[in-house]
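A.B. asks: Below is the structure I would like to discuss, written out as structure tokens.
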Amino acid sequence: MRQVVFAANWKMHLGPEEARAYLKTFFERSRLPDGRLPEGCEVWFFPPAVSLEAVAQALVGRSGFLAGAQNVYWEPKGAFTGEISAPLAAAAGARAVLVGHSERRHRFGEIDADTERKLSAVLEAQLLPLLCVGETLAEREAGNTLDVVTRQLEAALGRRPPAALQQVTVAYEPVWAIGTGRNATPRDAAEVHRAIRRWLAEHGAKSSRILYGGSVSLKNAAELLAERELDGVLVGGASLDPATWGELVRSTAA
Ligand code: PGA
């Protein structure tokens, strides 16, 4: 049976109170029978760190749902003002962590080597990494998409044994598609997904999941997910309204 992940990246939105209200509306409005997801479907929420605990608590006992952190620092503890570690995220209820999101790379200067260290820290804390990769518009126009994505995979995952690689989910998120309203076509996304899948299989991970992200909306989600190369979606803007997100999940999950 096909497994589909619907991942919501709230970015810098929704404090603890708002997060609780969001989830209440989401469960009321998503019209999921008994609040349960269809079989094979999972919903992952990545709230800001301050709301992690509220989200994790609201999801207790709901199967197929999890809370994750948007970012962690690679050291487990210490004098790193302003950072949170993977063990701290886990203590707040996180079960997954985004690594190398394009906004971390392009706005906060994260380099490939940082994604490697963060990925190690996430696995060490027994959390599930969701590694984000993707090319800029200039890189795509220069015909370098697959080189860039492969370089990002190599850096973060190249030295990992297959058992660790199996824990990793990858999100292909072209930088030019994030927050722009311009999504990749299912065909273009599928081409990159196939390259990522090939790379993972060559490194011993045959069943890793690959999500697509970048301007996924209620309008295009069904068309994107009709492409079987996509094991799910990672959604920013369209996940911020609980009714829209509930509708997106319900209408495309079955
Ligand atoms: P978007 O963001 O859906 O708003 O394009 C996706 C993401 O940044 O993960």
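Starting from 1 in every chain, residues are counted up; chains themselves are A, B, ... following the order of the structure tokens, and ligands are numbered from 1 as listed.
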Could you list, as a VMD selection string, all protein and nucleic acid residues with an atom at most 9 Å from ligand 1, counting only C-alpha atoms and all ligand atoms?

C.D. replies: chain A and resid 7 to 11 101 to 103 132 171 173 175 to 183 212 to 217 233 to 239

A.B. asks: Suppose we keep N, CA, C and O atoms; can you now write the selection as a tab-separated table (two decimals), in the first residue's frame?

C.D. replies:
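Wrote it out as part-v2.tsv, contents follow:
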```tsv
chain	number	residue	atom	x	y	z
A	7	ALA	N	3.61	16.83	5.39
A	7	ALA	CA	4.41	17.53	6.40
A	7	ALA	C	4.13	19.03	6.34
A	7	ALA	O	4.16	19.63	5.26
A	8	ALA	N	3.83	19.61	7.49
A	8	ALA	CA	3.51	21.04	7.59
A	8	ALA	C	4.67	21.77	8.23
A	8	ALA	O	5.04	21.47	9.37
A	9	ASN	N	5.25	22.72	7.51
A	9	ASN	CA	6.33	23.54	8.07
A	9	ASN	C	5.77	24.92	8.37
A	9	ASN	O	5.53	25.70	7.46
A	10	TRP	N	5.56	25.18	9.66
A	10	TRP	CA	4.92	26.45	10.04
A	10	TRP	C	5.90	27.63	10.03
A	10	TRP	O	5.50	28.76	10.27
A	11	LYS	N	7.17	27.35	9.86
A	11	LYS	CA	8.19	28.42	9.86
A	11	LYS	C	8.01	29.29	11.12
A	11	LYS	O	7.76	28.75	12.18
A	101	HIS	N	16.93	22.92	5.59
A	101	HIS	CA	15.87	23.62	4.85
A	101	HIS	C	16.50	24.78	4.07
A	101	HIS	O	17.45	25.40	4.54
A	102	SER	N	15.93	25.10	2.93
A	102	SER	CA	16.55	26.12	2.08
A	102	SER	C	16.68	27.47	2.78
A	102	SER	O	17.62	28.21	2.56
A	103	GLU	N	15.74	27.77	3.69
A	103	GLU	CA	15.87	29.05	4.41
A	103	GLU	C	17.05	29.01	5.39
A	103	GLU	O	17.68	30.03	5.65
A	132	CYS	N	16.37	18.36	3.63
A	132	CYS	CA	15.86	19.14	2.49
A	132	CYS	C	17.00	19.43	1.52
A	132	CYS	O	18.08	19.87	1.94
A	171	ALA	N	13.44	15.60	1.44
A	171	ALA	CA	12.46	16.47	0.78
A	171	ALA	C	13.16	17.19	-0.35
A	171	ALA	O	14.16	17.88	-0.11
A	173	GLU	N	13.09	20.20	-2.46
A	173	GLU	CA	12.45	21.51	-2.44
A	173	GLU	C	13.25	22.49	-3.29
A	173	GLU	O	14.21	23.10	-2.79
A	175	VAL	N	14.57	25.72	-4.59
A	175	VAL	CA	14.56	27.01	-3.89
A	175	VAL	C	13.61	28.00	-4.59
A	175	VAL	O	12.89	28.75	-3.93
A	176	TRP	N	13.58	27.96	-5.92
A	176	TRP	CA	12.76	28.90	-6.69
A	176	TRP	C	11.27	28.62	-6.53
A	176	TRP	O	10.44	29.44	-6.94
A	177	ALA	N	10.91	27.50	-5.96
A	177	ALA	CA	9.50	27.16	-5.80
A	177	ALA	C	8.98	27.47	-4.39
A	177	ALA	O	7.78	27.46	-4.17
A	178	ILE	N	9.90	27.73	-3.47
A	178	ILE	CA	9.47	27.89	-2.07
A	178	ILE	C	8.89	29.29	-1.85
A	178	ILE	O	9.56	30.29	-2.05
A	179	GLY	N	7.61	29.30	-1.47
A	179	GLY	CA	6.95	30.56	-1.14
A	179	GLY	C	6.72	31.47	-2.33
A	179	GLY	O	6.42	32.65	-2.15
A	180	THR	N	6.85	30.97	-3.53
A	180	THR	CA	6.75	31.83	-4.71
A	180	THR	C	5.43	31.65	-5.46
A	180	THR	O	5.13	32.41	-6.38
A	181	GLY	N	4.68	30.60	-5.14
A	181	GLY	CA	3.46	30.31	-5.88
A	181	GLY	C	3.76	29.58	-7.19
A	181	GLY	O	2.86	29.31	-7.98
A	182	ARG	N	5.03	29.27	-7.41
A	182	ARG	CA	5.42	28.60	-8.65
A	182	ARG	C	5.97	27.22	-8.31
A	182	ARG	O	7.14	27.09	-7.92
A	183	ASN	N	5.12	26.21	-8.39
A	183	ASN	CA	5.57	24.86	-8.02
A	183	ASN	C	6.26	24.18	-9.20
A	183	ASN	O	6.03	24.55	-10.35
A	212	TYR	N	8.01	16.07	-1.87
A	212	TYR	CA	8.23	17.27	-2.67
A	212	TYR	C	7.74	18.47	-1.87
A	212	TYR	O	6.69	18.42	-1.22
A	213	GLY	N	8.47	19.59	-1.94
A	213	GLY	CA	8.03	20.84	-1.31
A	213	GLY	C	8.31	22.02	-2.20
A	213	GLY	O	9.27	22.02	-2.99
A	214	GLY	N	7.48	23.06	-2.07
A	214	GLY	CA	7.65	24.27	-2.87
A	214	GLY	C	6.32	24.64	-3.50
A	214	GLY	O	5.93	24.08	-4.52
A	215	SER	N	5.60	25.58	-2.82
A	215	SER	CA	4.32	26.09	-3.33
A	215	SER	C	3.28	25.00	-3.55
A	215	SER	O	2.47	25.08	-4.49
A	216	VAL	N	3.28	23.99	-2.69
A	216	VAL	CA	2.19	23.01	-2.72
A	216	VAL	C	0.96	23.68	-2.12
A	216	VAL	O	1.06	24.38	-1.10
A	217	SER	N	-0.19	23.51	-2.75
A	217	SER	CA	-1.41	24.17	-2.28
A	217	SER	C	-2.59	23.21	-2.43
A	217	SER	O	-2.45	22.13	-3.01
A	233	VAL	N	4.31	15.39	0.66
A	233	VAL	CA	4.59	16.81	0.41
A	233	VAL	C	5.05	17.50	1.69
A	233	VAL	O	4.65	17.12	2.79
A	234	LEU	N	5.90	18.51	1.51
A	234	LEU	CA	6.31	19.37	2.63
A	234	LEU	C	5.78	20.76	2.30
A	234	LEU	O	6.12	21.33	1.26
A	235	VAL	N	4.92	21.27	3.18
A	235	VAL	CA	4.12	22.44	2.83
A	235	VAL	C	4.29	23.56	3.84
A	235	VAL	O	4.14	23.34	5.05
A	236	GLY	N	4.61	24.76	3.35
A	236	GLY	CA	4.74	25.92	4.22
A	236	GLY	C	3.44	26.70	4.26
A	236	GLY	O	2.53	26.39	5.03
A	237	GLY	N	3.32	27.69	3.38
A	237	GLY	CA	2.18	28.61	3.39
A	237	GLY	C	0.81	27.95	3.50
A	237	GLY	O	-0.03	28.38	4.31
A	238	ALA	N	0.59	26.90	2.73
A	238	ALA	CA	-0.75	26.28	2.69
A	238	ALA	C	-1.03	25.40	3.92
A	238	ALA	O	-2.10	24.81	4.02
A	239	SER	N	-0.05	25.34	4.84
A	239	SER	CA	-0.32	24.56	6.06
A	239	SER	C	-0.68	25.47	7.24
A	239	SER	O	-0.97	25.00	8.33
```

A.B. asks: Using only C-alpha atoms, which protein or nucleic acid residues come within 10 Å of Leu98 of chain A? Drop anything in the same chain fewer than 2 positions from it, and give the result as a list in words.

C.D. replies: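 So the residues in contact are Asn9, Phe46, Gly68, Ala69, Gln70, Asn71, Val72, Ala96, Gly100, His101, Arg104, Thr115, Lys118, Leu119, Val122, Leu128, Pro129, Leu130, Leu131, Cys132, Thr169, Val170 and Ala171 of chain A.
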
A.B. asks: What is the distance, in Å and to one decimal place, between atom CA of Glu28 of chain A and atom CA of Leu14 of chain A?

C.D. replies: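 Separating atom CA of Glu28 of chain A from atom CA of Leu14 of chain A is a distance of 18.2 Å.
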
A.B. asks: Write out as an MDAnalysis selection string each polymer residue whose atoms come within 7 Å of Leu37 of chain A, counting only C-alpha atoms; drop sequence neighbours fewer than 3 positions from it.

C.D. replies: chainID A and resid 32 41 64

A.B. asks: Leaving out Leu23 of chain A and any residue of its chain fewer than 3 positions from it, which residues lie within 9 Å of it when counting only C-alpha atoms, given as an NGL selection string?

C.D. replies: :A and (18-20 or 26-28 or 55 or 58-59 or 242)

A.B. asks: Identify which of the residues A:Leu240, A:Ile84, A:Leu137, A:Ala164 lies closest to Pro47 of chain A, counting only C-alpha atoms when measuring atom-to-atom distances.

C.D. replies: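 Checking each candidate against Pro47 of chain A, we get A:Leu240 as the closest.
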
A.B. asks: Determine which residues of segment 23-234 of chain A DSSP labels as strand (DSSP E) from the backbone of this structure, then write them out as a ChimeraX atom specification.

C.D. replies: /A:41-46,65-69,96-99,128-133,169-172,210-213,232-234

A.B. asks: Using DSSP on the backbone coordinates, identify the residues of segment 168-205 of chain A assigned to helix (DSSP H, G or I); present them as a PyMOL selection string.

C.D. replies: chain A and resi 175-177+186-202

A.B. asks: From the set A:Val133, A:Leu157, A:Leu200, A:Ala184, which residue has the shortest atom-to-atom contact distance to His106 of chain A, counting only C-alpha atoms?

C.D. replies: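 Closest candidate: A:Val133.
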